[in-house]
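Chemist: Let me begin by handing over the structure; questions about it come next.
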Amino acid sequence: MALGEWQYLRCECGGEIFQPVVKLKYKSEGGTISEPFGHTCVACHAVVDNAYMVRLVEMSKKRAERDRLNAELAEAERATAPKKAEAVATN
Ligand SMILES: [Zn+2]
């Protein structure tokens, strides 16, 4: 995953399509106005928490990095182990 790459946020249900939610305000001299009030998931209709979904993405990236490092470590350990065994066998 490239640095700075855009990623889709996902609802806990897995949905990634959202609708904006607004609050409507009224005042007698000003009529009505709409005020942004977050998003709902189109799939499950839950009001979503953007910060929570961002944390899920960040944790997912960290897990992927951990798995990559574990694989790298396992490969390094595989590459190192036979030399120790050889050294023991020849002595
Ligand atoms: Zn959902």
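As shown in the structure tokens, the chain order sets the letters A, B, ...; within each chain, residues go from 1, and ligands are also counted from 1 in the order they appear.
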Could you pull out the residues sitting within 10 Å of ligand 1, using only C-alpha atoms and all ligand atoms, and write them as a PyMOL selection string?
Modeler: chain A and resi 10-18+40-48
Chemist: So which residues touch Ser34 in chain A within 9 Å, counting only C-alpha atoms, skipping near sequence neighbours fewer than 3 positions away, as a list in words?
Modeler: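 So, after excluding close chain neighbours, the residues are Val22, Lys23, Leu24, Lys25 and Tyr26 of chain A.
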Chemist: Please dump the current selection as a PDB file, in the first residue's frame; keep N, CA, C and O atoms.
Modeler:
```pdb
ATOM      1  N   VAL A  22     -28.261  15.447   7.422  1.00  0.00           N
ATOM      2  CA  VAL A  22     -28.283  16.868   7.786  1.00  0.00           C
ATOM      3  C   VAL A  22     -29.281  17.118   8.897  1.00  0.00           C
ATOM      4  O   VAL A  22     -30.233  16.353   9.085  1.00  0.00           O
ATOM      5  N   LYS A  23     -29.032  18.178   9.636  1.00  0.00           N
ATOM      6  CA  LYS A  23     -30.024  18.711  10.559  1.00  0.00           C
ATOM      7  C   LYS A  23     -30.622  19.914   9.861  1.00  0.00           C
ATOM      8  O   LYS A  23     -29.906  20.633   9.154  1.00  0.00           O
ATOM      9  N   LEU A  24     -31.899  20.108  10.030  1.00  0.00           N
ATOM     10  CA  LEU A  24     -32.544  21.276   9.437  1.00  0.00           C
ATOM     11  C   LEU A  24     -32.801  22.302  10.533  1.00  0.00           C
ATOM     12  O   LEU A  24     -33.261  21.951  11.624  1.00  0.00           O
ATOM     13  N   LYS A  25     -32.463  23.535  10.228  1.00  0.00           N
ATOM     14  CA  LYS A  25     -32.676  24.612  11.196  1.00  0.00           C
ATOM     15  C   LYS A  25     -33.613  25.647  10.581  1.00  0.00           C
ATOM     16  O   LYS A  25     -33.601  25.851   9.368  1.00  0.00           O
ATOM     17  N   TYR A  26     -34.349  26.272  11.448  1.00  0.00           N
ATOM     18  CA  TYR A  26     -35.301  27.281  10.991  1.00  0.00           C
ATOM     19  C   TYR A  26     -35.226  28.499  11.895  1.00  0.00           C
ATOM     20  O   TYR A  26     -35.038  28.384  13.106  1.00  0.00           O
TER      21      TYR A  26
END
```
Chemist: Quick one, how far is CA of Tyr8 in chain A from CA of Pro20 in chain A?
Modeler: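 These atoms are spaced 15.7 Å apart.
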Chemist: Which residues are close to Gln7 in chain A, i.e. within 10 Å by only C-alpha atoms, leaving aside same-chain residues fewer than 3 positions away? Reply as a ChimeraX atom specification.
Modeler: /A:1,4,10,54,57
Chemist: For the residues in the current selection, export N, CA and C atoms as an mmCIF file, in the first residue's frame.
Modeler:
```cif
data_model
loop_
_atom_site.group_PDB
_atom_site.id
_atom_site.type_symbol
_atom_site.label_atom_id
_atom_site.label_comp_id
_atom_site.auth_asym_id
_atom_site.auth_seq_id
_atom_site.Cartn_x
_atom_site.Cartn_y
_atom_site.Cartn_z
ATOM 1 N N MET A 1 0.837 -1.190 0.000
ATOM 2 C CA MET A 1 0.000 0.000 0.000
ATOM 3 C C MET A 1 0.877 1.248 0.000
ATOM 4 N N GLY A 4 0.120 7.649 1.402
ATOM 5 C CA GLY A 4 -0.728 8.717 0.892
ATOM 6 C C GLY A 4 -1.820 8.260 -0.041
ATOM 7 N N ARG A 10 -14.970 1.748 5.666
ATOM 8 C CA ARG A 10 -16.044 0.756 5.688
ATOM 9 C C ARG A 10 -16.792 0.798 7.008
ATOM 10 N N VAL A 54 -11.725 5.288 10.482
ATOM 11 C CA VAL A 54 -10.324 5.610 10.183
ATOM 12 C C VAL A 54 -9.412 4.747 11.053
ATOM 13 N N VAL A 57 -9.052 1.331 9.618
ATOM 14 C CA VAL A 57 -8.130 1.313 8.477
ATOM 15 C C VAL A 57 -6.686 1.336 8.976
#
```
Chemist: Please list as a PyMOL selection string every residue within 10 Å of Leu56 in chain A, counting only C-alpha atoms and excluding residues in the same chain fewer than 3 positions away.
Modeler: chain A and resi 9-12+50-53+59-62
Chemist: Please compute the CA of Asp49 in chain A-CA of Glu35 in chain A distance, one decimal, in Å.
Modeler: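 CA of Asp49 in chain A sits 17.0 Å away from CA of Glu35 in chain A.
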Chemist: CA of Thr80 in chain A to CA of Arg68 in chain A: how many Å, to one decimal?
Modeler: 18.4 Å
Chemist: Enumerate as a list in words all residues of range 34-91 of chain A assigned to strand (DSSP E) by DSSP on the backbone, naming them with the chain letters and numbers the document uses.
Modeler: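 DSSP-assigned strand (DSSP E) residues in range 34-91 of chain A: Ser34, Glu35, Pro36, Phe37, Gly38, His39, Thr40, Cys41, Val47 and Val48 of chain A.
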Chemist: When DSSP works through the backbone of this structure, what residues of chain A end up as helix (DSSP H, G or I), shown as a ChimeraX atom specification?
Modeler: /A:50-90
